[in-house]
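> I am attaching a structure below and will ask some questions about it afterwards.
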Amino acid sequence: MNRSGWLVRMTVFGVVLALAAVAAGCGGGDEGGGGEGIRVGLVTDIGGLDDKSFNMLANQGLERARDELGVEIRVLQSQSDADYVPNLSTLAEEGYDLVISVGFLMGEVTEQVAKEYPDTNFAIIDYAYESPPSNLQGLVFKEQETGYLAGYLAGLMTTSDLERTNPEAVVSTVGGQKIPPVDRFIAGFQAGAKAANPDVETLNAYSQDFVDQAKCKEVALDQISKGSDVVFQVAGGCGLGALDAANERGVWGIGVDADQSHLGEHILTSAMKRVDQAVFATIEAVVNGEFTGGGVTVFGLAEDGVGLGEISPVVPQEMLDQVDDVRQQIVDGEIEIPETVS
Amino acid sequence: MTEAPVLELRGITKRFPGVLANDDIHFDLRRGEVHALLGENGAGKSTLMNILYGLYRPDAGQILLNGSPVEIDSPRAAIDHGIGMVHQHFMLIPVMTVAENIVLAAEPTVGGVFLDTAAARSRVEQLADRFSFAIDPDARVENISVGQQQRVEILKALYRRADILILDEPTAVLTPQESQELFAILQELRKEGMSIIFISHKLNEVLEIADRITVLRRGRRIDTLAASGATETELARLMVGREVLLEVEKAPASPGEVLLEAEGLRVLDDRGLEAVRGLSLAIRAGEILGVAGVDGNGQSELIDALSGLRKTVAGRVRLLGRDVTDASADERLERGLGHIPEDRQRRGLVLDFTIAENVVLHDYDKPPFARAGWTFPRQMTERARALIEEFDVRGGGPETLARSLSGGNQQKVILAREVAREPSVLLAAQPTRGLDVGAIEFIHRRLVRERDAGRAILLVSFELDEILSLADRIVVLYEGRIVGEYGPNVSEHELGIAMTGGRAA
Amino acid sequence: MSRPGAEGGDGRPRTVEVLTAWFETRAGGLLVPLAAAILAFLAGGLVVLFTGNNPLGVYKAIFDGTGLTYLFPWVQGSERATAARNLQQTLLVATPLMLTAIAVAFAFRCGMFNIGGQGQYWIGLIAALVVGTHVDLPPALHVPACILAAIVAGAIWGGVAGVLKATVGAHEVISTIMLNWIAIFGGKYLFELGGPLQGEEEFIPRSNDVTASAKLPAIWGTLQPLHAGIFVALAALVVYHLLLNRTTLGYEVRAVGFNPEAARYGGISVSRNYFLAMAIAGTFAGLAGALDLLGWKFRVATNDFDVGMLGFIGIAVALLGRNKAVGILFAALFFAALQVGTSTRQLDPTVFPPALAVNLATIIQALIILFVGAEILIVSLWGARRYVRRGRRVRAQPAGGSGGAA
């Protein structure tokens, strides 16, 4: 390739970019989402975009907002904790309308930056402030609701004679650590299972780890040997080991946070925490001029902030209908779900 | 002269910053002669040869080959002109065979790509046969002796069709026996019409091998003379620039009290074998005790044990009447011991320190060089300046790195450091190994002077000449024991017998 | 080779020659790292080109991102404010880098390769954190107390490797690497949920903040401002220089580093110096941890231990800075600028894909280390024969230069 050829290509490339920028700046109008001219920035924590967890999910929500609402987006990845404040303040400085930080580790710094830039809206995933400034909103989730649904489905399975089930009515949970978000999943799961089958026995144990798969696998194997035929993991990466154990022993596993149905046929369903939905909903609020700060938004089933992932095709329609009924009851506020494990 | 010289250097001048390394040097080489280039370290021999080999460009002067001027601007050009050089440090690839090393960079190939091993091998064999070299073309270089590696280097030059061969201090790395073998090879090459430039600072070997000798001193050519009829004394005078006393003048010793005493000493070597086996000796003030012996009979371990650098397994050491058997090297230094170590580069100097830093190697933490943990570099520099002056250290000032000094000057720095501390006892191990005549003379005279000042000196040397000319009393070390004690007038023959284990009377 | 004697010259060296010689002896130490950096950028540019982007645009964005444009008087208004913020971050990152580089350099001058800067940094940070969160002191005493705890802890962590080398001959590279992992996993244990030092928020795996009295004063900026720790780091460079060149300890360390056998012969305890050099190296790295904590971090989370790289970048800084105080100063600024300049916030997505930006910094850093390490390669690009000549001349030069003064 000769030199001038390269120059030509670069020039064309530059012109295209410039046109794209102008188009975005003017608001093309044909995207029809109403978000033209709105700019949204996302700052990841040091897990990075490919963490297969909150950062990745948040980015999915952001990209969906770009595609559906026509907002302009930008993602800043933090390589170390030294990047948090500069990343947040850069976006604020550049006049972004909404700046979202991912993860509770950025709690203090987001508040600090929000106070410095009162004209910019800020939101943070998974962190609830007691009294944040009026331009900052915490986004948290009702894990117990999706836990309840997953538990209800598991309870139904114990009453069936579908594949991978056994005669004993035992289901189990593998928690990473006994902390509130984990326990909300577990408490909901246990309540749901009992509601579906009052005779069910629920096992629960904590691996004390969110990373090491071997630890969760060991816990799950123990539970399976005690008769559990549905294992619900609430332990992040560690929990993949629990699902692995379910696969090996021919019982069901239930995933957490993201839709983990891709892991195989042994996945009954997943209790999802829809970070992407929370991000999208928050951006939508800004686009519609409805964003309010100074508090906490709780995402539950009603807001699509939590929910079940893909359910195994083995599950008969009749059971799906039952789960759907329960879902509606929760949305309608007819069911009281505990948030702590007794 | 019927024939133009093979090589002629006319008015070669080379200047380095601050130094005139070669000053208008004329030199000629005839076909089939060995022409020695003699001079002390730093006289400009290597610079001149590096110019000839294309490593340096001369600032002035001309190189003529067979009467016509040539430009030599790289080693490649030198090789193309038939000039081969064997450096002091060989440039061979250890994991390759002799044949592969020899043909390197001009390999016979198959199809232009693959090394034609058979062809390489046979060409090397032909060459070796022609010059009657005993060498195995298939041996790996890493497995052959230093002497044989040198032959590989010579063959490499011959393979590249050199007819002028430069040998830079070729005997420095060889044993006496290997040196003799080398000389035989050189005679053979001369017969074949090769012209050889032989760089050396050793008088006896120059007289033995050369036809003519050119003496350089401080960058200038002093004289060119025929080897037949020349004498060592004459050469030494030309080389150093004044009369050199090859014999040391000294008055008979007048020994005083015993200053250092060892009793029943047993010392292990690095492999844990007993190297010194129950040795006792005593050295008195004002005498030089020579320890003669073949290398490896416990000399190093004895010196280490006396200086406190190696633990003894049995026996006592007394310094000035006090038992220092368990004292560290540092404590012994404090109590009046001086030590010129046998390996000046590995132990005697920190080569990357300046002269100033080296002269305070024992005293860097004491006034006036340091107080309360702080050092005073200016004081170190002052001390170095004084010692450089007194000991005639050439080639640098206090801030010069020890590494950049010649061997003789490095040894002078060590001698200066040890003597300036005014020790009662001085251990001198191989104090002149590898040095040129001028430096040897200097160090010998200084040791005698220190003896006369009342110090007790222990001299360990593998050179009988040195022992015989310096020592007032001689003991022979054999397999870790003293096998004989002699007066200063003992014959070399008698010592020789004792050194090889035969008991003398 | 034979060495020309000082008196061999016919008198005074010509000025040009003296200057050339000075340039070649002194500037060689500057030129090679500089050339390494330039080559690394050229090679990095090829990488950028390969990804289909314009290297010039990327490098301009990186340069703007370092904040160095603040030094240009014509940069005004909001650009100047942005440059100021970036420069604050560059200096903020340079502060610990100077110290972790000293930790490498000091051990190196004693003949050891301290890979343990990262572990020593963490241990220092943790020690400062304990004092900063669990002890009540007036501000005038609290910061010094935290720093003292950090340097003692860092000294212990480095000293362990030194003791192991001095007593049983364990290679310091192996032991410092292992000590790094102990510090990293130990740190994660301390702050994980339920860990002994986990903070008040029960579901966040991190420490409490240090108290206000333990925070270093800010000196420039508002959000994550530059803090007074940079003065401590600069002072540490001076201390490093003096310690090495003006104290008996420094003399011993250098002697051991150059030639342990000669040092022993000179009456220096080699094993004592191995221990001391590693312990002192550890104090500098531990100090780095304390300054980061008290200057801007104020707290530490378990996943910080996964991404901490300052101790390792310190190796590169020391290498590029040739283990000299001034060299380390500039090399630390350079690496910090690179770090800040290549962060995703500096590279507009239209200039360079953000996902690649993170890797670009790493690539350039790696290339610099490669080129600094491969000094011979660079020199051979200049021409092998010139090097040979220069090498010899450099060694010949001091002989002439100072010989005349003697």
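By order in the structure tokens, chains are A, B, ...; within a chain, residues start at 1; ligands start at 1, following the order shown.
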Name the residues in contact with stretch 313-316 of chain A at a cut-off of 12 Å, using only C-alpha atoms, excluding same-chain residues fewer than 3 positions from it; report them as a VMD selection string.
chain A and resid 153 to 154 156 to 157 160 to 165 252 261 264 to 269 310 319 to 323
> Got a sec: who's within 9 Å of stretch 338-347 of chain C, counting only C-alpha atoms, leaving out chain neighbours fewer than 5 positions off, as a PyMOL selection string?
(chain A and resi 75-79+83+86-87+90-91) or (chain C and resi 58-59+61-67+86-87+89-90+93+333+352-362+364-365)
> Produce a file of the selected residues containing C-alpha atoms, as a PDB file, in the first residue's frame.

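Generated output (again_3.pdb):
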```
ATOM      1  CA  VAL A  75     -18.070   4.535  28.344  1.00  0.00           C
ATOM      2  CA  LEU A  76     -14.979   5.205  30.462  1.00  0.00           C
ATOM      3  CA  GLN A  77     -13.257   2.149  31.848  1.00  0.00           C
ATOM      4  CA  SER A  78     -11.393   2.578  35.109  1.00  0.00           C
ATOM      5  CA  GLN A  79      -8.019   0.871  35.180  1.00  0.00           C
ATOM      6  CA  ASP A  83      -9.410   6.701  37.639  1.00  0.00           C
ATOM      7  CA  PRO A  86     -11.110  11.847  37.020  1.00  0.00           C
ATOM      8  CA  ASN A  87     -13.402   9.709  34.863  1.00  0.00           C
ATOM      9  CA  THR A  90     -14.343  14.442  32.938  1.00  0.00           C
ATOM     10  CA  LEU A  91     -17.825  13.406  31.839  1.00  0.00           C
TER      11      LEU A  91
ATOM     12  CA  VAL C  58      -3.700   9.180  19.091  1.00  0.00           C
ATOM     13  CA  TYR C  59      -0.394  10.534  20.306  1.00  0.00           C
ATOM     14  CA  ALA C  61      -4.652  12.944  22.400  1.00  0.00           C
ATOM     15  CA  ILE C  62      -2.303  11.128  24.760  1.00  0.00           C
ATOM     16  CA  PHE C  63      -0.087  14.155  25.060  1.00  0.00           C
ATOM     17  CA  ASP C  64      -3.035  16.440  25.725  1.00  0.00           C
ATOM     18  CA  GLY C  65      -4.257  13.926  28.276  1.00  0.00           C
ATOM     19  CA  THR C  66      -1.049  14.040  30.264  1.00  0.00           C
ATOM     20  CA  GLY C  67      -1.784  17.617  31.236  1.00  0.00           C
ATOM     21  CA  ASN C  86      -4.828  16.117  34.007  1.00  0.00           C
ATOM     22  CA  LEU C  87      -1.496  17.385  35.234  1.00  0.00           C
ATOM     23  CA  GLN C  89      -3.442  13.321  38.072  1.00  0.00           C
ATOM     24  CA  THR C  90      -0.100  12.803  36.349  1.00  0.00           C
ATOM     25  CA  VAL C  93       0.518   8.950  39.915  1.00  0.00           C
ATOM     26  CA  LEU C 333       6.849  11.573  35.419  1.00  0.00           C
ATOM     27  CA  PHE C 352      -9.071   5.497  19.135  1.00  0.00           C
ATOM     28  CA  PRO C 353     -11.348   2.673  20.247  1.00  0.00           C
ATOM     29  CA  PRO C 354     -11.583   2.875  24.041  1.00  0.00           C
ATOM     30  CA  ALA C 355     -11.304  -0.868  24.414  1.00  0.00           C
ATOM     31  CA  LEU C 356      -7.894  -0.744  22.759  1.00  0.00           C
ATOM     32  CA  ALA C 357      -6.709   2.345  24.604  1.00  0.00           C
ATOM     33  CA  VAL C 358      -6.127   0.430  27.808  1.00  0.00           C
ATOM     34  CA  ASN C 359      -3.917  -2.019  25.996  1.00  0.00           C
ATOM     35  CA  LEU C 360      -2.036   0.673  24.120  1.00  0.00           C
ATOM     36  CA  ALA C 361      -0.551   2.015  27.356  1.00  0.00           C
ATOM     37  CA  THR C 362       0.571  -1.460  28.302  1.00  0.00           C
ATOM     38  CA  ILE C 364       4.052   1.178  24.925  1.00  0.00           C
ATOM     39  CA  GLN C 365       5.298   0.493  28.450  1.00  0.00           C
TER      40      GLN C 365
END
```
> Could I get the residues of chain B with an atom no further than 6 Å from an atom of chain C, each paired with its nearest atom pair and that distance in Å to one decimal, using only C-alpha atoms, sorted by chain and residue number, as CSV?

```
residue,atom,partner,partner_atom,distance
B:Pro17,CA,C:Glu17,CA,5.3
B:Gly18,CA,C:Pro13,CA,4.3
B:Val19,CA,C:Gly9,CA,4.1
B:Leu20,CA,C:Gly9,CA,4.2
B:Ala21,CA,C:Pro4,CA,5.1
B:Asn41,CA,C:Ser2,CA,5.7
B:Gly42,CA,C:Arg3,CA,4.1
B:Gly44,CA,C:Ser2,CA,5.9
B:Ser46,CA,C:Ser2,CA,5.0
B:Arg218,CA,C:Gly8,CA,5.1
B:Ala329,CA,C:Gly267,CA,5.7
B:Asp330,CA,C:Gly267,CA,4.3
B:Arg347,CA,C:Ala262,CA,4.0
B:Gly348,CA,C:Ala262,CA,5.8
B:Leu349,CA,C:Ala262,CA,6.0
B:Val350,CA,C:Asn259,CA,5.8
B:Leu361,CA,C:Gly266,CA,5.3
B:His362,CA,C:Gly266,CA,4.9
B:Asp365,CA,C:Thr248,CA,5.6
B:Gly373,CA,C:Thr248,CA,5.3
B:Trp374,CA,C:Thr247,CA,4.3
B:Thr375,CA,C:Thr247,CA,4.9
B:Gly395,CA,C:Gly5,CA,4.6
B:Gly396,CA,C:Ala399,CA,4.1
B:Gly397,CA,C:Gly403,CA,4.7
B:Thr400,CA,C:Pro398,CA,5.5
B:Ser404,CA,C:Arg395,CA,5.8
```
> With only C-alpha atoms as the atoms that count, which of C:Leu39, C:Arg109, C:Pro205, C:Trp74 lies nearest to C:Val253?
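The shortest atom-to-atom distance to C:Val253 comes from C:Arg109.
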> Go through stretch 95-208 of chain B and collect every residue that DSSP, computed from the backbone, puts in alpha helix (DSSP H); the answer should be as a ChimeraX atom specification.
/B:98-103,117-130,146-159,176-191,203-208
> Give me the residues near stretch 138-144 of chain A as a PyMOL selection string, where near means some atom within 8 Å (using only C-alpha atoms) and where sequence neighbours in that chain fewer than 5 positions away do not count.
chain A and resi 123-129+181+184-189+273+278+295-301+305-306+337-339
> Mind checking which residues fall within 7 Å of C:Ala101, counting only C-alpha atoms, ignoring those fewer than 5 positions away in the same chain, and posting them as a list in words?
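The residues that qualify are Gly314, Ile315, Val317, Ala318 and Ile328 of chain C.
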> What's around B:Leu458 at 7 Å? Count only C-alpha atoms, leave out sequence neighbours fewer than 4 positions away in its own chain, and write the answer as a JSON list (two decimals) with N, CA, C and O atoms, in the first residue's frame.

```
[["chain", "number", "residue", "atom", "x", "y", "z"],
["B", 288, "ILE", "N", 61.16, -10.63, 54.79],
["B", 288, "ILE", "CA", 60.20, -11.13, 53.81],
["B", 288, "ILE", "C", 60.28, -12.65, 53.83],
["B", 288, "ILE", "O", 61.35, -13.22, 53.58],
["B", 289, "LEU", "N", 59.16, -13.27, 54.18],
["B", 289, "LEU", "CA", 59.12, -14.72, 54.15],
["B", 289, "LEU", "C", 58.47, -15.14, 52.84],
["B", 289, "LEU", "O", 57.31, -14.81, 52.57],
["B", 290, "GLY", "N", 59.23, -15.84, 52.02],
["B", 290, "GLY", "CA", 58.67, -16.28, 50.74],
["B", 290, "GLY", "C", 58.03, -17.64, 50.88],
["B", 290, "GLY", "O", 58.59, -18.54, 51.49],
["B", 426, "LEU", "N", 52.26, -7.54, 56.31],
["B", 426, "LEU", "CA", 51.68, -7.40, 54.97],
["B", 426, "LEU", "C", 51.68, -8.76, 54.29],
["B", 426, "LEU", "O", 52.71, -9.40, 54.14],
["B", 427, "LEU", "N", 50.47, -9.21, 53.92],
["B", 427, "LEU", "CA", 50.36, -10.45, 53.16],
["B", 427, "LEU", "C", 50.33, -10.06, 51.69],
["B", 427, "LEU", "O", 49.47, -9.29, 51.27],
["B", 428, "ALA", "N", 51.28, -10.57, 50.91],
["B", 428, "ALA", "CA", 51.32, -10.22, 49.49],
["B", 428, "ALA", "C", 51.20, -11.50, 48.68],
["B", 428, "ALA", "O", 52.12, -12.32, 48.64]]
```
